[in-house]
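Below is one structure, written out as structure tokens; the observations come after it.
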Protein chains: 2
Amino acid sequence: MRLLLVEDDTTLVRTLKKDLQKAGYAVDVADNGIDAQYLGDENIYDIIVLDLGLPQRSGLDVLKNWRTSANTTPVIVLTARDAWHERVDGFKAGADDYLGKPFHIEELLARISALLHRSRQKAGGLLQLDDLTLDEERQILTKADGSSYVLTGTEFRLLRYFLLHPDHILSKSTLMEHVYEFDADKDSNVIEVYVKRLREKVGKERIVTRRGQGYLFKGTA
Amino acid sequence: MRLLLVEDDTTLVRTLKKDLQKAGYAVDVADNGIDAQYLGDENIYDIIVLDLGLPQRSGLDVLKNWRTSANTTPVIVLTARDAWHERVDGFKAGADDYLGKPFHIEELLARISALLHRSRQKAGGLLQLDDLTLDEERQILTKADGSSYVLTGTEFRLLRYFLLHPDHILSKSTLMEHVYEFDADKDSNVIEVYVKRLREKVGKERIVTRRGQGYLFKGTA
DNA sequence: CCGTATTTTCAGCCTCGTTTCAGCTTGGTT
DNA sequence: AACCAAGCTGAAACGAGGCTGAAAATACGG
């Protein structure tokens, strides 16, 4: 974890840096706005601790510049205690958190770890098989060649079931059961119809018919 | 945005609730730990404001329970000012932020907005997506072409939810839950009506209907 | 309390995903 | 090769779900 500490009070920096290093962070320090701007632009930090009162360029400006250049590194702002308007400004400028001075090092560490934890969580929701990618969130099928299709509800449910059970023979009645909530009348060829529609999208060869037994979705293209 | 306010001081609740509603949040209130636990478990809130000093069950316990049951709803904890150990405990229990009492409503609003935006890593106050900019304080929508619209309360809440969840299929019932408080009038087409009104403002193509599943607000115009 | 803005309801219309169906093709069996 | 069952396919019918304009109900500011 690489951390940028932007602070001009040299005695504070000395103790802070030591504590942060002890907690396992690689710490770089900037003691003025210009350096901070430059270092932050590198975009290599996992987190930035930023004091607002800086020589040469205000911390708020630095932060705004980072944000407008699409730098999304989590930033904790240090402010004077009880300067609540400063904090509101900080949030508007894109800060992720702030801490009023003076503070206890434990509190800073807790906030840093909370922020890091926070930015680490991301979404999945992609079902992939060879050249096929099914976006479960959007119900969109994308192929490696770049083409993509918006699926209807039934198409989506059927394809998802195929993707989750590749290389298995799936009978029409099995598919019925899994695509529909309650197995509907057995005398219908809906599955056949939807298999045809899927074939048009995933490629005809992809779904093999096993006459009398069911279908097989090939996993190895 | 649906918000759960957990606070037992009834006079504070009254003013807070009003302010939060004015800012466009659908506010549910719990005034004790048991109710809070139960409501939070519903997992439908976009954000929770939690006072630690509660009758019946400590706020810290409630929070821990939520977290161990994999509920990741952002939580802002309210603590007595300068009780920094309480705050560190709060972070360890899984709080995302805290605020010392007494506080200014603007600061709470700024923190809520920051937390809601955090996944998008945007500066607070303005919610932006491509050519659309939503001023959260004035509830005004501005487009890149210079046109701007004053939104009504419901329009604003719906649009904000869309902007915070672009490219996701949002069902009508989901939208219902997040735009309105408790009630859940099952058969009503209010959402359809407001989608129509929003479409007139953001552009018809922007909101795609996925028949049978919901709506999708396109992020890449 | 009145006038205005906003929200909600409602009914008719339209759209498009689903299902059906009839005719055709394929493959296995004798 | 002839036959038949199983599967394929295009088009059409159906109907749930979505859209819309206006009116009715409700909230709000003065």
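Chain labels run A, B, ... following the order of the structure tokens; each chain numbers its residues from 1, and ligands are numbered from 1 in the order shown.
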
Closest contacts (chain C/chain A, max 9 Å, only C-alpha atoms (C1' of nucleotides)) as a Markdown table:
| residue | atom | partner | partner_atom | distance |
| --- | --- | --- | --- | --- |
| C:DG17 | C1' | A:Thr152 | CA | 7.2 |
| C:DT18 | C1' | A:Val190 | CA | 8.7 |
| C:DT19 | C1' | A:Val190 | CA | 6.9 |
| C:DT20 | C1' | A:Ser188 | CA | 8.1 |
| C:DG27 | C1' | A:Arg211 | CA | 8.4 |

Pull the strand (DSSP E or B) assignments for segment 12-217 of chain A out of DSSP run on the backbone, and list those residues as a PyMOL selection string.
-> chain A and resi 26-30+47-51+75-80+97-101+126-129+132-135+140-143+148-150+169-170+207-210+214-217

Output C-alpha atoms for every residue in the selection just made, as a tab-separated table (two decimals), in the first residue's frame.
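The resulting file, again.tsv, is reproduced below:
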chain	number	residue	atom	x	y	z
A	26	ALA	CA	4.98	2.89	1.99
A	27	VAL	CA	4.90	6.62	2.71
A	28	ASP	CA	5.88	9.46	0.39
A	29	VAL	CA	5.71	13.02	1.68
A	30	ALA	CA	4.96	16.34	-0.02
A	47	ILE	CA	-4.51	6.54	-0.64
A	48	ILE	CA	-3.67	10.18	0.01
A	49	VAL	CA	-3.72	12.09	3.31
A	50	LEU	CA	-4.05	15.78	2.54
A	51	ASP	CA	-3.69	18.77	4.82
A	75	VAL	CA	-8.32	11.16	-0.20
A	76	ILE	CA	-8.55	11.88	3.52
A	77	VAL	CA	-8.47	15.57	4.29
A	78	LEU	CA	-7.01	17.01	7.49
A	79	THR	CA	-8.71	20.17	8.75
A	80	ALA	CA	-8.73	22.30	11.84
A	97	ASP	CA	-13.22	11.54	4.31
A	98	TYR	CA	-11.70	14.08	6.60
A	99	LEU	CA	-10.24	14.22	10.07
A	100	GLY	CA	-10.13	17.19	12.41
A	101	LYS	CA	-6.80	18.14	13.96
A	126	LEU	CA	-20.26	-11.67	-15.53
A	127	LEU	CA	-20.80	-15.19	-16.73
A	128	GLN	CA	-18.15	-16.19	-19.19
A	129	LEU	CA	-17.50	-19.19	-21.41
A	132	LEU	CA	-19.18	-15.62	-24.85
A	133	THR	CA	-19.80	-13.19	-22.02
A	134	LEU	CA	-23.17	-12.83	-20.42
A	135	ASP	CA	-23.71	-9.66	-18.42
A	140	ILE	CA	-26.61	-8.53	-22.54
A	141	LEU	CA	-24.64	-11.13	-24.44
A	142	THR	CA	-21.30	-10.06	-25.84
A	143	LYS	CA	-19.12	-12.09	-28.16
A	148	SER	CA	-23.56	-7.93	-28.65
A	149	TYR	CA	-27.20	-8.72	-28.20
A	150	VAL	CA	-29.88	-7.58	-25.82
A	169	ILE	CA	-27.04	-33.19	-21.99
A	170	LEU	CA	-30.04	-31.15	-20.93
A	207	ILE	CA	-25.85	-25.92	-29.25
A	208	VAL	CA	-25.86	-29.55	-30.34
A	209	THR	CA	-29.07	-31.55	-30.58
A	210	ARG	CA	-29.01	-35.04	-29.11
A	214	GLY	CA	-31.94	-33.11	-25.29
A	215	TYR	CA	-29.43	-30.39	-26.04
A	216	LEU	CA	-25.79	-29.95	-25.28
A	217	PHE	CA	-24.09	-26.57	-25.00

Interface list for chain A, partner chain D, 8 Å threshold, only C-alpha atoms (C1' of nucleotides), as a list in words |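 Result: Glu192, Lys196, Arg211 and Gly212 of chain A.
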
Can you pull out every residue within 8 Å of Glu155 of chain A, counting only C-alpha atoms (C1' of nucleotides), but drop anything in the same chain fewer than 2 positions away, and send it as a PyMOL selection string?
-> chain A and resi 151-153+157-159+194+197-198

Could the residues of chain B within 10 Å of chain A, counting only C-alpha atoms, be given as a PyMOL selection string, please?
-> chain B and resi 72+74+82+84-85+87-92+94-98+103-104+106-111+113-115+117-126+167-170+210-213+216

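Matched residue by residue, the Cα atoms of chain A sit on those of chain B with an RMSD of 19.9 Å after a least-squares fit.
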
note - atom CA of Trp66 of chain B and atom CA of Leu12 of chain B are separated by 24.4 Å

In segment 48-79 of chain B, DSSP helix (DSSP H, G or I) residues written as a PyMOL selection string | chain B and resi 59-68

Export C-alpha atoms of the chosen residues as a compact mmCIF listing (two decimals), in the first residue's frame?
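selection.txt, freshly written:
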# COMPACT_ATOMS: atom_id res chain seq x y z
CA GLY B 59 -26.12 0.68 18.12
CA LEU B 60 -22.72 -0.93 17.96
CA ASP B 61 -24.24 -4.39 18.32
CA VAL B 62 -26.83 -3.65 15.71
CA LEU B 63 -24.13 -2.55 13.31
CA LYS B 64 -22.01 -5.61 14.00
CA ASN B 65 -24.97 -7.86 13.34
CA TRP B 66 -25.68 -6.19 10.04
CA ARG B 67 -22.12 -6.59 8.96
CA THR B 68 -21.81 -10.23 9.93

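Take atom CA of Lys204 of chain B and atom CA of Lys218 of chain B: the distance between them is 10.8 Å.
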